[in-house]
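*Asks:* A single structure is presented below for examination.
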Amino acid sequence: MPARLIDGKQTAAAYRERVKADVAAFTQKTGVTPHLAAVVVGENPASAVYVRNKQRACEQAGIGSSLHALPESASQADLLALVQDLNADPAVHGILVQLPLPGQIDERAVLDAVAPLKDVDCFHPENVGLLSQGRPRFAPCTPAGVMELLAAAEVPTASARAVVLGRSEIVGKPMAMLLLARGADATVTVCHSRTADLAAVCREADVLIAAIGRAKFLTADMVKPGAAVIDVGINRLPDSEGGGLAGDVDYDAVNEVAGALTPVPGGVGPMTVAVLLRNTLTAAELQTAGEPG
Ligand SMILES: Nc1nc(=O)c2c([nH]1)NC[C@@H]1CN(c3ccc(C(=O)N[C@@H](CCC(=O)O)C(=O)O)cc3)C=[N+]21
């Protein structure tokens, strides 16, 4: 019996319509157009696709966007100077420094330099701290997108056993915090590449979030029959395997065991972009209400 498809494209489209309406109301009331500045260093092809998707989504939602590209060889000082300029620019509300950055640049130093009120990725320690205290300023884009998908698919989290496979700063750790938060009330296990009996731990999950960054890593033997499986993976397959995008889930096999499942593409990715739009409006609201800087 194949799993119920959790349609990220459809959920993202509905979510973006709501953001678009809220942006129109905000701009009508304040005369301010929210603006997202995307910073890209070098020519990472995957990043180019995502940045283009984000810019297109911004335009459709009535959000202005600008692209600030530095060469692969840019120094950390160059990038920090650009971030400071964007921090100081009152017409820029959200700043997104596209990851990964080239090896000569310390990602943590750059992400820490983004003004907390403009940190629409929710990567800054201040915003991660607020999130961990259950009073988030911004929703972490991909984890919040996952929560929206679970809600849209009416997958219950309260009292459910949730297993997060992966412990990254971008997805795994904030994902665990959102599932643990009051209102979501899941019982959360975070596992990773060093977890013993990984398959057995994953099989305990009613809700299983795969965010380990390895193509088709989650196999059918790791899934409890009927569980909801959310695939956060965005792995580019080598041309020898047909190229294209694959998730962290072995989709065809898991589709026969899971109760509900997200596809890649068409699942979490579109939600990541949709939540980024919401965060950019939130940033504009915070900076227009005269919130202390
Ligand atoms: N500072 C920063 N913030 C990010 O949020 C961030 C980042 N850096 N670096 C890269 C990752 C990746 N990411 C995606 C965004 C959209 C899709 C997306 O729209 N995916 C479509 C398919 C897109 C395609 O055709 O390749 C889908 O899954 O349906 C995927 C991945 C955001 N990221």
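Chain identifiers are assigned as A, B, and so on, following the order in which chains appear in the structure tokens; residues are numbered from 1 within each chain, and ligands are numbered from 1 in order of appearance.
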Given only C-alpha atoms, how would the per-residue table for stretch 33-114 of chain A near stretch 7-26 of chain A read, listing every residue at most 9 Å away with its closest atom pair and distance in Å to one decimal, sorted by chain and number, as CSV?

*Replies:*
residue,atom,partner,partner_atom,distance
A:Thr33,CA,A:Val23,CA,7.8
A:Pro34,CA,A:Val23,CA,7.6
A:Ala57,CA,A:Arg16,CA,8.3
A:Gln60,CA,A:Lys20,CA,7.6
A:Ala61,CA,A:Lys20,CA,4.4
A:Gly62,CA,A:Lys20,CA,6.4
A:Ile63,CA,A:Val23,CA,7.4

*Asks:* Within 6 Å of ligand 1, counting only C-alpha atoms and all ligand atoms, which protein or nucleic acid residues do you find, written as a PyMOL selection string?

*Replies:* chain A and resi 47+50+96-99+121+264-270+272-273

*Asks:* Take the residues that were just selected and, keeping N, CA and C atoms, output them as a compact mmCIF listing (two decimals), in the first residue's frame.

*Replies:*
# COMPACT_ATOMS: atom_id res chain seq x y z
N SER A 47 23.60 26.46 -5.67
CA SER A 47 23.20 27.73 -5.04
C SER A 47 22.52 28.64 -6.05
N TYR A 50 18.93 27.73 -6.32
CA TYR A 50 18.11 28.11 -5.15
C TYR A 50 17.95 29.61 -5.08
N LEU A 96 20.45 37.11 3.44
CA LEU A 96 20.70 35.67 3.38
C LEU A 96 22.06 35.45 2.71
N VAL A 97 23.01 34.94 3.48
CA VAL A 97 24.32 34.61 2.91
C VAL A 97 24.26 33.15 2.49
N GLN A 98 24.18 32.90 1.19
CA GLN A 98 23.98 31.55 0.64
C GLN A 98 25.14 30.65 1.03
N LEU A 99 24.80 29.52 1.64
CA LEU A 99 25.84 28.53 1.99
C LEU A 99 25.85 27.45 0.91
N ASP A 121 17.48 33.66 8.00
CA ASP A 121 17.78 32.22 8.07
C ASP A 121 17.61 31.68 9.48
N VAL A 264 11.07 14.35 -3.27
CA VAL A 264 12.15 15.30 -3.60
C VAL A 264 12.40 15.17 -5.10
N PRO A 265 12.23 16.24 -5.89
CA PRO A 265 11.76 17.56 -5.50
C PRO A 265 10.26 17.58 -5.21
N GLY A 266 9.77 18.71 -4.79
CA GLY A 266 8.31 18.86 -4.61
C GLY A 266 7.86 18.66 -3.18
N GLY A 267 8.83 18.64 -2.25
CA GLY A 267 8.43 18.44 -0.85
C GLY A 267 8.89 19.58 0.02
N VAL A 268 9.96 19.36 0.72
CA VAL A 268 10.44 20.35 1.69
C VAL A 268 11.05 21.58 1.01
N GLY A 269 11.71 21.40 -0.12
CA GLY A 269 12.39 22.53 -0.80
C GLY A 269 11.48 23.73 -1.01
N PRO A 270 10.34 23.54 -1.66
CA PRO A 270 9.45 24.69 -1.86
C PRO A 270 9.00 25.35 -0.55
N THR A 272 10.86 25.60 2.17
CA THR A 272 12.00 26.40 2.64
C THR A 272 11.90 27.81 2.08
N VAL A 273 11.59 27.88 0.79
CA VAL A 273 11.49 29.19 0.13
C VAL A 273 10.29 29.96 0.67

*Asks:* Can you list, as number ranges by chain, all residues belonging to stretch 52-277 of chain A that DSSP tags as helix (DSSP H, G or I)?

*Replies:* A: 52-61, 76-88, 107-113, 116-118, 125-132, 141-152, 172-180, 198-203, 220-222, 239-241, 251-254, 268-277

*Asks:* So how far away is atom CA of A:Gly172 from atom CA of A:Pro143, in Å?

*Replies:* 8.0 Å

*Asks:* Tell me, in Å to one decimal, how far atom CA of A:Thr262 is from atom CA of A:Arg278.

*Replies:*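 Between atom CA of A:Thr262 and atom CA of A:Arg278 the gap works out to 21.7 Å.
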
*Asks:* Which of these, A:Ala181, A:Ala158, A:Ala205, A:Leu277, has the shortest distance to A:Gln55 once you count only C-alpha atoms?

*Replies:*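 Of A:Ala181, A:Ala158, A:Ala205, A:Leu277, the one nearest A:Gln55, counting only C-alpha atoms, is A:Leu277.
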
*Asks:* Would you mind listing what lies within 12 Å of A:Leu237 as a list in words, with only C-alpha atoms counted and same-chain residues fewer than 3 positions away left out?

*Replies:*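 Those residues are Ala46, Gly213, Arg214, Ala215, Lys216, Gly233, Ile234, Ser240, Glu241, Gly242, Gly243, Gly244, Leu245, Ala246, Gly247 and Asp248 of chain A.
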
*Asks:* For A:Thr187, list every protein, DNA or RNA residue within 12 Å, evaluated using only C-alpha atoms, and leave out those in the same chain fewer than 5 positions away; present the list as a compact mmCIF listing (two decimals) with C-alpha atoms, in the first residue's frame.

*Replies:*
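Now in selection.txt:
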# COMPACT_ATOMS: atom_id res chain seq x y z
CA PRO A 156 -0.19 14.51 14.71
CA THR A 157 2.99 15.45 16.62
CA ALA A 158 1.61 15.74 20.16
CA SER A 159 2.61 12.60 22.05
CA ALA A 160 4.10 11.18 18.83
CA ARG A 161 7.61 9.71 18.84
CA ALA A 162 9.61 11.93 16.48
CA VAL A 163 13.08 10.95 15.26
CA VAL A 164 15.30 13.52 13.57
CA ALA A 176 14.30 19.03 17.14
CA MET A 177 13.52 22.30 18.93
CA LEU A 178 10.39 22.95 16.88
CA LEU A 179 9.10 19.39 17.46
CA LEU A 180 9.78 19.74 21.20
CA ALA A 181 8.12 23.17 21.50
CA ARG A 182 4.86 23.64 23.41
CA GLU A 204 10.70 3.78 16.75
CA ALA A 205 9.48 6.90 14.94
CA ASP A 206 5.88 7.78 14.20
CA VAL A 207 7.34 10.91 12.53
CA LEU A 208 10.76 10.50 10.89

*Asks:* Report, in Å with one decimal, the straight-line distance from atom CA of A:Ile230 to atom CA of A:Met147.

*Replies:*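 If I compute the distance from atom CA of A:Ile230 to atom CA of A:Met147, I get 9.9 Å.
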
*Asks:* Between A:Gln104, A:Thr27, A:Asn87, A:Ser65, which residue has the minimum interatomic distance to A:Val41, considering only C-alpha atoms?

*Replies:*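 Comparing A:Gln104, A:Thr27, A:Asn87, A:Ser65 against A:Val41, the winner is A:Gln104.
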
*Asks:* Near A:Val40, counting only C-alpha atoms, which residues have an atom at most 10 Å away, once you skip same-chain residues fewer than 3 positions from it, shown as a PDB file with N, CA, C and O atoms, in the first residue's frame?

*Replies:*
ATOM      1  N   ALA A  37      18.092  40.740   0.621  1.00  0.00           N
ATOM      2  CA  ALA A  37      19.398  40.782  -0.058  1.00  0.00           C
ATOM      3  C   ALA A  37      20.034  39.397   0.036  1.00  0.00           C
ATOM      4  O   ALA A  37      20.230  38.869   1.134  1.00  0.00           O
ATOM      5  N   GLU A  43      30.659  30.397  -7.736  1.00  0.00           N
ATOM      6  CA  GLU A  43      29.671  29.928  -8.737  1.00  0.00           C
ATOM      7  C   GLU A  43      29.172  28.530  -8.403  1.00  0.00           C
ATOM      8  O   GLU A  43      29.098  27.673  -9.256  1.00  0.00           O
ATOM      9  N   ASN A  44      28.731  28.274  -7.179  1.00  0.00           N
ATOM     10  CA  ASN A  44      28.190  26.950  -6.847  1.00  0.00           C
ATOM     11  C   ASN A  44      26.887  26.767  -7.628  1.00  0.00           C
ATOM     12  O   ASN A  44      25.921  27.499  -7.436  1.00  0.00           O
ATOM     13  N   SER A  47      23.596  26.457  -5.673  1.00  0.00           N
ATOM     14  CA  SER A  47      23.200  27.727  -5.042  1.00  0.00           C
ATOM     15  C   SER A  47      22.524  28.643  -6.048  1.00  0.00           C
ATOM     16  O   SER A  47      21.549  29.314  -5.738  1.00  0.00           O
ATOM     17  N   ALA A  48      23.030  28.614  -7.286  1.00  0.00           N
ATOM     18  CA  ALA A  48      22.457  29.506  -8.313  1.00  0.00           C
ATOM     19  C   ALA A  48      20.981  29.167  -8.525  1.00  0.00           C
ATOM     20  O   ALA A  48      20.133  30.052  -8.610  1.00  0.00           O
ATOM     21  N   VAL A  51      19.019  30.343  -5.376  1.00  0.00           N
ATOM     22  CA  VAL A  51      18.933  31.810  -5.303  1.00  0.00           C
ATOM     23  C   VAL A  51      17.937  32.314  -6.342  1.00  0.00           C
ATOM     24  O   VAL A  51      17.099  33.164  -6.054  1.00  0.00           O
ATOM     25  N   LEU A  67      20.677  40.704  -5.555  1.00  0.00           N
ATOM     26  CA  LEU A  67      21.713  39.675  -5.502  1.00  0.00           C
ATOM     27  C   LEU A  67      23.071  40.362  -5.399  1.00  0.00           C
ATOM     28  O   LEU A  67      23.359  41.279  -6.182  1.00  0.00           O
ATOM     29  N   HIS A  68      23.865  39.966  -4.432  1.00  0.00           N
ATOM     30  CA  HIS A  68      25.188  40.576  -4.228  1.00  0.00           C
ATOM     31  C   HIS A  68      26.212  39.455  -4.374  1.00  0.00           C
ATOM     32  O   HIS A  68      26.365  38.630  -3.473  1.00  0.00           O
ATOM     33  N   ALA A  69      26.860  39.408  -5.545  1.00  0.00           N
ATOM     34  CA  ALA A  69      27.750  38.278  -5.861  1.00  0.00           C
ATOM     35  C   ALA A  69      29.212  38.693  -5.695  1.00  0.00           C
ATOM     36  O   ALA A  69      29.615  39.769  -6.163  1.00  0.00           O
ATOM     37  N   LEU A  70      29.964  37.871  -4.999  1.00  0.00           N
ATOM     38  CA  LEU A  70      31.414  38.073  -4.880  1.00  0.00           C
ATOM     39  C   LEU A  70      32.101  36.892  -5.564  1.00  0.00           C
ATOM     40  O   LEU A  70      31.530  35.800  -5.624  1.00  0.00           O
ATOM     41  N   PRO A  71      33.323  37.098  -6.066  1.00  0.00           N
ATOM     42  CA  PRO A  71      34.034  36.002  -6.736  1.00  0.00           C
ATOM     43  C   PRO A  71      34.443  34.913  -5.749  1.00  0.00           C
ATOM     44  O   PRO A  71      34.562  35.175  -4.537  1.00  0.00           O
ATOM     45  N   GLU A  72      34.665  33.715  -6.253  1.00  0.00           N
ATOM     46  CA  GLU A  72      35.084  32.556  -5.451  1.00  0.00           C
ATOM     47  C   GLU A  72      36.287  32.904  -4.569  1.00  0.00           C
ATOM     48  O   GLU A  72      36.437  32.426  -3.458  1.00  0.00           O
ATOM     49  N   LEU A  79      33.793  39.937   2.355  1.00  0.00           N
ATOM     50  CA  LEU A  79      32.423  39.487   2.622  1.00  0.00           C
ATOM     51  C   LEU A  79      31.867  40.176   3.867  1.00  0.00           C
ATOM     52  O   LEU A  79      30.724  40.654   3.882  1.00  0.00           O
ATOM     53  N   LEU A  96      20.451  37.109   3.441  1.00  0.00           N
ATOM     54  CA  LEU A  96      20.704  35.665   3.379  1.00  0.00           C
ATOM     55  C   LEU A  96      22.058  35.452   2.709  1.00  0.00           C
ATOM     56  O   LEU A  96      22.246  35.818   1.553  1.00  0.00           O
ATOM     57  N   VAL A  97      23.007  34.938   3.477  1.00  0.00           N
ATOM     58  CA  VAL A  97      24.323  34.613   2.911  1.00  0.00           C
ATOM     59  C   VAL A  97      24.258  33.154   2.486  1.00  0.00           C
ATOM     60  O   VAL A  97      24.203  32.242   3.325  1.00  0.00           O
ATOM     61  N   GLN A  98      24.184  32.905   1.190  1.00  0.00           N
ATOM     62  CA  GLN A  98      23.979  31.553   0.644  1.00  0.00           C
ATOM     63  C   GLN A  98      25.139  30.646   1.033  1.00  0.00           C
ATOM     64  O   GLN A  98      26.304  30.980   0.830  1.00  0.00           O
ATOM     65  N   LEU A  99      24.801  29.522   1.639  1.00  0.00           N
ATOM     66  CA  LEU A  99      25.837  28.526   1.995  1.00  0.00           C
ATOM     67  C   LEU A  99      25.849  27.450   0.913  1.00  0.00           C
ATOM     68  O   LEU A  99      24.848  27.247   0.236  1.00  0.00           O
ATOM     69  N   PRO A 100      26.976  26.731   0.739  1.00  0.00           N
ATOM     70  CA  PRO A 100      28.251  26.877   1.466  1.00  0.00           C
ATOM     71  C   PRO A 100      29.080  28.058   0.959  1.00  0.00           C
ATOM     72  O   PRO A 100      28.832  28.572  -0.114  1.00  0.00           O
ATOM     73  N   LEU A 101      30.043  28.454   1.779  1.00  0.00           N
ATOM     74  CA  LEU A 101      30.991  29.499   1.380  1.00  0.00           C
ATOM     75  C   LEU A 101      32.319  28.828   1.032  1.00  0.00           C
ATOM     76  O   LEU A 101      32.605  27.733   1.526  1.00  0.00           O
TER      77      LEU A 101
END

*Asks:* If you count only C-alpha atoms, which residues fall within 9 Å of A:Pro116, apart from same-chain ones fewer than 6 positions away, as a PDB file with N, CA, C and O atoms, in the first residue's frame?

*Replies:*
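Output file selection26.pdb follows:
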ATOM      1  N   CYS A 122      17.610  32.606  10.457  1.00  0.00           N
ATOM      2  CA  CYS A 122      17.613  32.218  11.875  1.00  0.00           C
ATOM      3  C   CYS A 122      18.868  31.432  12.242  1.00  0.00           C
ATOM      4  O   CYS A 122      18.814  30.393  12.899  1.00  0.00           O
ATOM      5  N   PHE A 123      20.010  31.905  11.762  1.00  0.00           N
ATOM      6  CA  PHE A 123      21.294  31.249  12.057  1.00  0.00           C
ATOM      7  C   PHE A 123      22.059  31.968  13.168  1.00  0.00           C
ATOM      8  O   PHE A 123      22.967  31.413  13.750  1.00  0.00           O
ATOM      9  N   HIS A 124      21.734  33.247  13.428  1.00  0.00           N
ATOM     10  CA  HIS A 124      22.504  34.043  14.397  1.00  0.00           C
ATOM     11  C   HIS A 124      22.274  33.499  15.811  1.00  0.00           C
ATOM     12  O   HIS A 124      21.141  33.125  16.155  1.00  0.00           O
ATOM     13  N   PRO A 125      23.318  33.456  16.647  1.00  0.00           N
ATOM     14  CA  PRO A 125      23.166  32.914  18.007  1.00  0.00           C
ATOM     15  C   PRO A 125      22.000  33.519  18.771  1.00  0.00           C
ATOM     16  O   PRO A 125      21.300  32.836  19.522  1.00  0.00           O
ATOM     17  N   GLU A 126      21.766  34.827  18.566  1.00  0.00           N
ATOM     18  CA  GLU A 126      20.666  35.477  19.298  1.00  0.00           C
ATOM     19  C   GLU A 126      19.336  34.855  18.896  1.00  0.00           C
ATOM     20  O   GLU A 126      18.483  34.554  19.729  1.00  0.00           O
ATOM     21  N   ASN A 127      19.195  34.598  17.606  1.00  0.00           N
ATOM     22  CA  ASN A 127      17.917  34.047  17.113  1.00  0.00           C
ATOM     23  C   ASN A 127      17.787  32.567  17.451  1.00  0.00           C
ATOM     24  O   ASN A 127      16.686  32.076  17.726  1.00  0.00           O
ATOM     25  N   GLY A 293      17.097  48.711  17.331  1.00  0.00           N
ATOM     26  CA  GLY A 293      17.966  48.040  16.334  1.00  0.00           C
ATOM     27  C   GLY A 293      18.900  47.026  16.948  1.00  0.00           C
ATOM     28  O   GLY A 293      18.950  46.827  18.134  1.00  0.00           O
TER      29      GLY A 293
END

*Asks:* For a quick check of understanding, using only C-alpha atoms, which of A:Leu281, A:Thr142, A:Pro238, A:Val275 has the smallest distance to A:Ala211?

*Replies:* A:Thr142

*Asks:* For A:Pro90, which residue among A:Gln76, A:Asn279, A:Asn235, A:Gln287 is the nearest when counting only C-alpha atoms?

*Replies:*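 Between A:Gln76, A:Asn279, A:Asn235, A:Gln287, the residue approaching A:Pro90 most closely is A:Gln287.
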
*Asks:* Could you pull out all residues of stretch 69-232 of chain A with a DSSP call of strand (DSSP E or B) and give them as an MDAnalysis selection string?

*Replies:* chainID A and resid 69:70 94:97 119 161:165 187:191 207:210 218 228:231

*Asks:* Suppose we keep C-alpha atoms; can you now write the selection as a CSV table (one decimal), in the first residue's frame?

*Replies:*
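Wrote it out as out.csv, contents follow:
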chain,number,residue,atom,x,y,z
A,69,ALA,CA,27.7,38.3,-5.9
A,70,LEU,CA,31.4,38.1,-4.9
A,94,GLY,CA,16.5,40.5,5.2
A,95,ILE,CA,20.0,39.2,4.5
A,96,LEU,CA,20.7,35.7,3.4
A,97,VAL,CA,24.3,34.6,2.9
A,119,ASP,CA,18.8,37.2,10.0
A,161,ARG,CA,7.6,9.7,18.8
A,162,ALA,CA,9.6,11.9,16.5
A,163,VAL,CA,13.1,10.9,15.3
A,164,VAL,CA,15.3,13.5,13.6
A,165,LEU,CA,18.0,11.9,11.5
A,187,THR,CA,8.8,13.2,22.1
A,188,VAL,CA,12.0,13.8,20.2
A,189,THR,CA,15.1,11.7,19.5
A,190,VAL,CA,18.0,13.2,17.5
A,191,CYS,CA,20.2,10.6,15.9
A,207,VAL,CA,7.3,10.9,12.5
A,208,LEU,CA,10.8,10.5,10.9
A,209,ILE,CA,12.7,13.5,9.5
A,210,ALA,CA,15.6,12.6,7.2
A,218,LEU,CA,17.0,6.0,4.7
A,228,ALA,CA,5.2,9.7,8.4
A,229,VAL,CA,8.5,10.3,6.6
A,230,ILE,CA,9.7,13.8,5.7
A,231,ASP,CA,12.7,13.9,3.3

*Asks:* Restricting the calculation to only C-alpha atoms: of A:Glu154, A:Asp239, A:Asp89, A:Asp250, which residue gets closest to A:Pro263?

*Replies:*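 Nearest to A:Pro263: A:Asp250.
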